[in-house]
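Okay, so here's the structure we're looking at.
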Amino acid sequence: MKKLKPGIKIYSDDSGIIQINSGTLHHSKQAPNEIIFRNEKFIQRYESEAHLPKRNWRQLDSEEYKIIAGDHQNKKDYNSVFTGELPDSLKELFNRLDLHTADSEDKVFDKFKENKELVNEINLKLNEFLESISLAPFKLMSLATNYANSEIVSLDKRKLPSGYTIKDLQFIGVHKDSSKDMTLHTCHKFGNRIALNLGKESRYLLVMNLSMLQAYNMIKKEIDVKENEINNKNITSYFMKLFPDYPMLKIEHKPYHYYIAPTDNCFHDGSTFGSTSLDIVMTYLGKFLI
């Protein structure tokens, strides 16, 4: 396994929720996973270039933990991952919304539509909380669901045919987020996101502790980046092929907890591996810092 480099720091009150593995591999080199949907199981399918974390997760040793643990020095929105728990007042409101009885995305949305007064209360309390940790205006990105026992969760639904079924889904794999005018040298300027776990089981943030510039500079030592035209769109594929033994971190994301991560500036994905119920996530974009 390649040794961890100092890079993006993880801020968590519970070191036990963080695990490490020995890198990534092309999806074809690992036994396929089964995802669960309404008591049916389907083999998870991936895009052709998708890379996945290896499954040999373990606890970090003391030296590894020192490298990734947040120390509040040079702490910025683009070089930090935070974890935390929602205030009790918000947890109580979400409990009243009763999302955990919903077994589909449509039913989750129905809960929000049918409880307008309660949702207004949630929005007020949630805005108060987000304003307390925000450096700039923020906006709702999505309220979304994911399948249970999904090794990775990210999809590009824009590529799907109309009337698609679960068998049409192709998961992206470990990736970085991207906006229209973003480059590898500006992606640290695009803020970060906060994701709230509104489901009833733990989910996971899978993340590599390298910024895009760190990844780019590692690639530059191996190949000609200009000749190969390394850019915001293809850096993930190049990095995974050149550095398959660079470890990933898996951070547990418990119910009614949140994570904050600079997903434009690091390789990452989400996972519901091991779960049996619908994953429900609310995500805001902004510049959050704790």
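Convention: chains lettered A, B, ... in structure tokens order; per-chain residue numbering from 1; ligands numbered from 1 as shown.
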Would you give me, as a tab-separated table, each residue of stretch 11-119 of chain A having an atom within 6 Å of an atom of stretch 160-179 of chain A, along with its shortest atom pair and that distance in Å to one decimal, using only C-alpha atoms and sorting by chain and residue number?
residue	atom	partner	partner_atom	distance
A:Arg45	CA	A:Gln170	CA	5.1
A:Tyr46	CA	A:Gln170	CA	4.3
A:Glu47	CA	A:Gln170	CA	5.3
A:Ala50	CA	A:Gly173	CA	4.5
A:His51	CA	A:Gly173	CA	5.2
A:Leu52	CA	A:Gly173	CA	5.7
(Q) Could you pull out the alpha helix (DSSP H) residues of stretch 67-220 of chain A, going by DSSP on the backbone, and write them as a ChimeraX atom specification? (A) /A:67-68,88-97,105-114,116-132,212-220
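In this model, the gap between atom CA of A:Asn265 and atom CA of A:Lys200 comes to 29.0 Å.
Restricting the calculation to only C-alpha atoms, the smallest distance between A:Leu60 and any of A:Arg193, A:Ile251, A:Asn232, A:Asp103 is found for A:Ile251.
Residue nearest A:Gly70, chosen from A:Ile290, A:Ala31, A:Leu99, A:Val225 and counting only C-alpha atoms: A:Ile290.
Nearest to A:His100 of all the residues A:Thr145, A:Asn217, A:Gln30, A:Asn120 is A:Thr145, counting only C-alpha atoms.
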(Q) Just want the 7 Å neighbourhood of A:Ile43, counted on only C-alpha atoms, with same-chain residues fewer than 4 positions away dropped. Output as a PyMOL selection string. (A) chain A and resi 32-35
Against stretch 274-285 of chain A, which residues of stretch 95-174 of chain A fall within 12 Å? For each one I want the closest pair of atoms and the distance in Å (one decimal), counting only C-alpha atoms, rows by chain and increasing residue number, as CSV.
residue,atom,partner,partner_atom,distance
A:Asp98,CA,A:Ile280,CA,12.0
A:Leu99,CA,A:Ile280,CA,8.4
A:His100,CA,A:Leu278,CA,8.1
A:Thr101,CA,A:Leu278,CA,9.4
A:Ala102,CA,A:Leu278,CA,7.8
A:Asp103,CA,A:Leu278,CA,6.0
A:Ser104,CA,A:Leu278,CA,7.0
A:Glu105,CA,A:Ile280,CA,8.2
A:Asp106,CA,A:Ile280,CA,11.6
A:Lys107,CA,A:Leu278,CA,10.9
A:Val108,CA,A:Ile280,CA,8.2
A:Phe109,CA,A:Ile280,CA,10.6
A:Asn123,CA,A:Met282,CA,11.9
A:Leu126,CA,A:Tyr284,CA,10.6
A:Asn127,CA,A:Tyr284,CA,10.5
A:Leu130,CA,A:Tyr284,CA,9.0
A:Glu131,CA,A:Tyr284,CA,11.7
A:Ser134,CA,A:Leu285,CA,10.1
A:Leu135,CA,A:Leu285,CA,11.5
A:Ala136,CA,A:Leu285,CA,10.0
A:Pro137,CA,A:Leu285,CA,8.8
A:Phe138,CA,A:Leu285,CA,5.5
A:Lys139,CA,A:Leu285,CA,5.5
A:Leu140,CA,A:Tyr284,CA,4.4
A:Met141,CA,A:Tyr284,CA,5.0
A:Ser142,CA,A:Thr283,CA,5.4
A:Leu143,CA,A:Met282,CA,4.5
A:Ala144,CA,A:Val281,CA,5.4
A:Thr145,CA,A:Ile280,CA,4.5
A:Asn146,CA,A:Asp279,CA,4.9
A:Tyr147,CA,A:Leu278,CA,5.9
A:Ala148,CA,A:Thr276,CA,5.1
A:Asn149,CA,A:Ser275,CA,4.9
A:Ser150,CA,A:Gly274,CA,7.9
A:Glu151,CA,A:Gly274,CA,8.5
A:Ile152,CA,A:Gly274,CA,11.4
A:Val153,CA,A:Asp279,CA,9.7
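Shell of A:Asn95 at 12 Å, with only C-alpha atoms counted and residues fewer than 5 places along the chain excluded, is A:Asp88, A:Ser89, A:Leu90, A:His100, A:Thr101, A:Lys111, A:Leu118, A:Val119, A:Ile122, A:Leu198, A:Gly199, A:Lys200, A:Pro255, A:Tyr256.
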Q: From a DSSP calculation on the backbone, collect every residue of stretch 19-72 of chain A in strand (DSSP E or B) and output the set as a ChimeraX atom specification.
A: /A:19-20,24-26,34-37,40-43,46,51-53,58-59,69
Preceding selection exported with N, CA, C and O atoms as a PDB file, in the first residue's frame:
ATOM      1  N   GLN A  19     -12.130   4.418   8.603  1.00  0.00           N
ATOM      2  CA  GLN A  19     -11.341   3.253   8.230  1.00  0.00           C
ATOM      3  C   GLN A  19     -10.509   3.573   6.988  1.00  0.00           C
ATOM      4  O   GLN A  19     -10.735   4.580   6.318  1.00  0.00           O
ATOM      5  N   ILE A  20      -9.560   2.691   6.707  1.00  0.00           N
ATOM      6  CA  ILE A  20      -8.664   2.878   5.560  1.00  0.00           C
ATOM      7  C   ILE A  20      -8.549   1.555   4.808  1.00  0.00           C
ATOM      8  O   ILE A  20      -8.739   0.484   5.390  1.00  0.00           O
ATOM      9  N   THR A  24      -7.607   1.382  -4.828  1.00  0.00           N
ATOM     10  CA  THR A  24      -8.758   1.228  -5.719  1.00  0.00           C
ATOM     11  C   THR A  24      -8.429   0.220  -6.819  1.00  0.00           C
ATOM     12  O   THR A  24      -7.257  -0.126  -7.037  1.00  0.00           O
ATOM     13  N   LEU A  25      -9.458  -0.219  -7.522  1.00  0.00           N
ATOM     14  CA  LEU A  25      -9.245  -1.118  -8.653  1.00  0.00           C
ATOM     15  C   LEU A  25     -10.394  -0.972  -9.633  1.00  0.00           C
ATOM     16  O   LEU A  25     -11.478  -0.484  -9.278  1.00  0.00           O
ATOM     17  N   HIS A  26     -10.147  -1.363 -10.892  1.00  0.00           N
ATOM     18  CA  HIS A  26     -11.193  -1.306 -11.899  1.00  0.00           C
ATOM     19  C   HIS A  26     -12.316  -2.250 -11.493  1.00  0.00           C
ATOM     20  O   HIS A  26     -12.068  -3.346 -10.969  1.00  0.00           O
ATOM     21  N   GLU A  34     -24.358  -7.075  -5.095  1.00  0.00           N
ATOM     22  CA  GLU A  34     -25.802  -7.081  -5.282  1.00  0.00           C
ATOM     23  C   GLU A  34     -26.413  -5.908  -4.540  1.00  0.00           C
ATOM     24  O   GLU A  34     -26.132  -5.708  -3.349  1.00  0.00           O
ATOM     25  N   ILE A  35     -27.218  -5.113  -5.227  1.00  0.00           N
ATOM     26  CA  ILE A  35     -27.947  -4.061  -4.538  1.00  0.00           C
ATOM     27  C   ILE A  35     -29.387  -4.518  -4.315  1.00  0.00           C
ATOM     28  O   ILE A  35     -29.902  -5.376  -5.027  1.00  0.00           O
ATOM     29  N   ILE A  36     -30.000  -3.955  -3.285  1.00  0.00           N
ATOM     30  CA  ILE A  36     -31.328  -4.391  -2.856  1.00  0.00           C
ATOM     31  C   ILE A  36     -32.346  -3.310  -3.175  1.00  0.00           C
ATOM     32  O   ILE A  36     -32.135  -2.134  -2.866  1.00  0.00           O
ATOM     33  N   PHE A  37     -33.455  -3.719  -3.790  1.00  0.00           N
ATOM     34  CA  PHE A  37     -34.531  -2.790  -4.104  1.00  0.00           C
ATOM     35  C   PHE A  37     -35.864  -3.486  -3.883  1.00  0.00           C
ATOM     36  O   PHE A  37     -36.211  -4.418  -4.601  1.00  0.00           O
ATOM     37  N   GLU A  40     -35.878  -7.173  -3.737  1.00  0.00           N
ATOM     38  CA  GLU A  40     -35.270  -7.826  -4.885  1.00  0.00           C
ATOM     39  C   GLU A  40     -33.792  -7.461  -4.931  1.00  0.00           C
ATOM     40  O   GLU A  40     -33.386  -6.388  -4.499  1.00  0.00           O
ATOM     41  N   LYS A  41     -32.988  -8.360  -5.478  1.00  0.00           N
ATOM     42  CA  LYS A  41     -31.558  -8.127  -5.582  1.00  0.00           C
ATOM     43  C   LYS A  41     -31.140  -8.064  -7.046  1.00  0.00           C
ATOM     44  O   LYS A  41     -31.601  -8.853  -7.861  1.00  0.00           O
ATOM     45  N   PHE A  42     -30.238  -7.107  -7.346  1.00  0.00           N
ATOM     46  CA  PHE A  42     -29.743  -6.929  -8.714  1.00  0.00           C
ATOM     47  C   PHE A  42     -28.230  -6.769  -8.670  1.00  0.00           C
ATOM     48  O   PHE A  42     -27.683  -6.154  -7.752  1.00  0.00           O
ATOM     49  N   ILE A  43     -27.570  -7.316  -9.653  1.00  0.00           N
ATOM     50  CA  ILE A  43     -26.125  -7.125  -9.757  1.00  0.00           C
ATOM     51  C   ILE A  43     -25.849  -5.664 -10.095  1.00  0.00           C
ATOM     52  O   ILE A  43     -26.434  -5.112 -11.031  1.00  0.00           O
ATOM     53  N   TYR A  46     -21.643  -0.887 -13.722  1.00  0.00           N
ATOM     54  CA  TYR A  46     -20.831   0.323 -13.653  1.00  0.00           C
ATOM     55  C   TYR A  46     -20.510   0.871 -15.039  1.00  0.00           C
ATOM     56  O   TYR A  46     -20.539   0.134 -16.033  1.00  0.00           O
ATOM     57  N   HIS A  51     -13.887   2.950 -11.271  1.00  0.00           N
ATOM     58  CA  HIS A  51     -12.979   2.343 -10.300  1.00  0.00           C
ATOM     59  C   HIS A  51     -13.655   2.366  -8.933  1.00  0.00           C
ATOM     60  O   HIS A  51     -14.351   3.316  -8.584  1.00  0.00           O
ATOM     61  N   LEU A  52     -13.395   1.307  -8.159  1.00  0.00           N
ATOM     62  CA  LEU A  52     -14.024   1.131  -6.858  1.00  0.00           C
ATOM     63  C   LEU A  52     -12.971   1.002  -5.764  1.00  0.00           C
ATOM     64  O   LEU A  52     -11.843   0.565  -6.028  1.00  0.00           O
ATOM     65  N   PRO A  53     -13.336   1.342  -4.533  1.00  0.00           N
ATOM     66  CA  PRO A  53     -12.410   1.081  -3.426  1.00  0.00           C
ATOM     67  C   PRO A  53     -12.251  -0.419  -3.214  1.00  0.00           C
ATOM     68  O   PRO A  53     -13.220  -1.181  -3.373  1.00  0.00           O
ATOM     69  N   ARG A  58      -9.935  -1.455   7.220  1.00  0.00           N
ATOM     70  CA  ARG A  58      -9.444  -1.703   8.582  1.00  0.00           C
ATOM     71  C   ARG A  58      -9.344  -0.368   9.309  1.00  0.00           C
ATOM     72  O   ARG A  58      -9.432   0.708   8.704  1.00  0.00           O
ATOM     73  N   GLN A  59      -9.155  -0.434  10.618  1.00  0.00           N
ATOM     74  CA  GLN A  59      -8.927   0.786  11.396  1.00  0.00           C
ATOM     75  C   GLN A  59      -7.554   1.377  11.062  1.00  0.00           C
ATOM     76  O   GLN A  59      -6.626   0.644  10.705  1.00  0.00           O
ATOM     77  N   ALA A  69      -5.716  13.491  10.650  1.00  0.00           N
ATOM     78  CA  ALA A  69      -6.534  14.148  11.680  1.00  0.00           C
ATOM     79  C   ALA A  69      -6.434  15.664  11.583  1.00  0.00           C
ATOM     80  O   ALA A  69      -5.333  16.231  11.458  1.00  0.00           O
TER      81      ALA A  69
END
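One finds atom CA of A:Ile68 at 5.7 Å from atom CA of A:Ile10.
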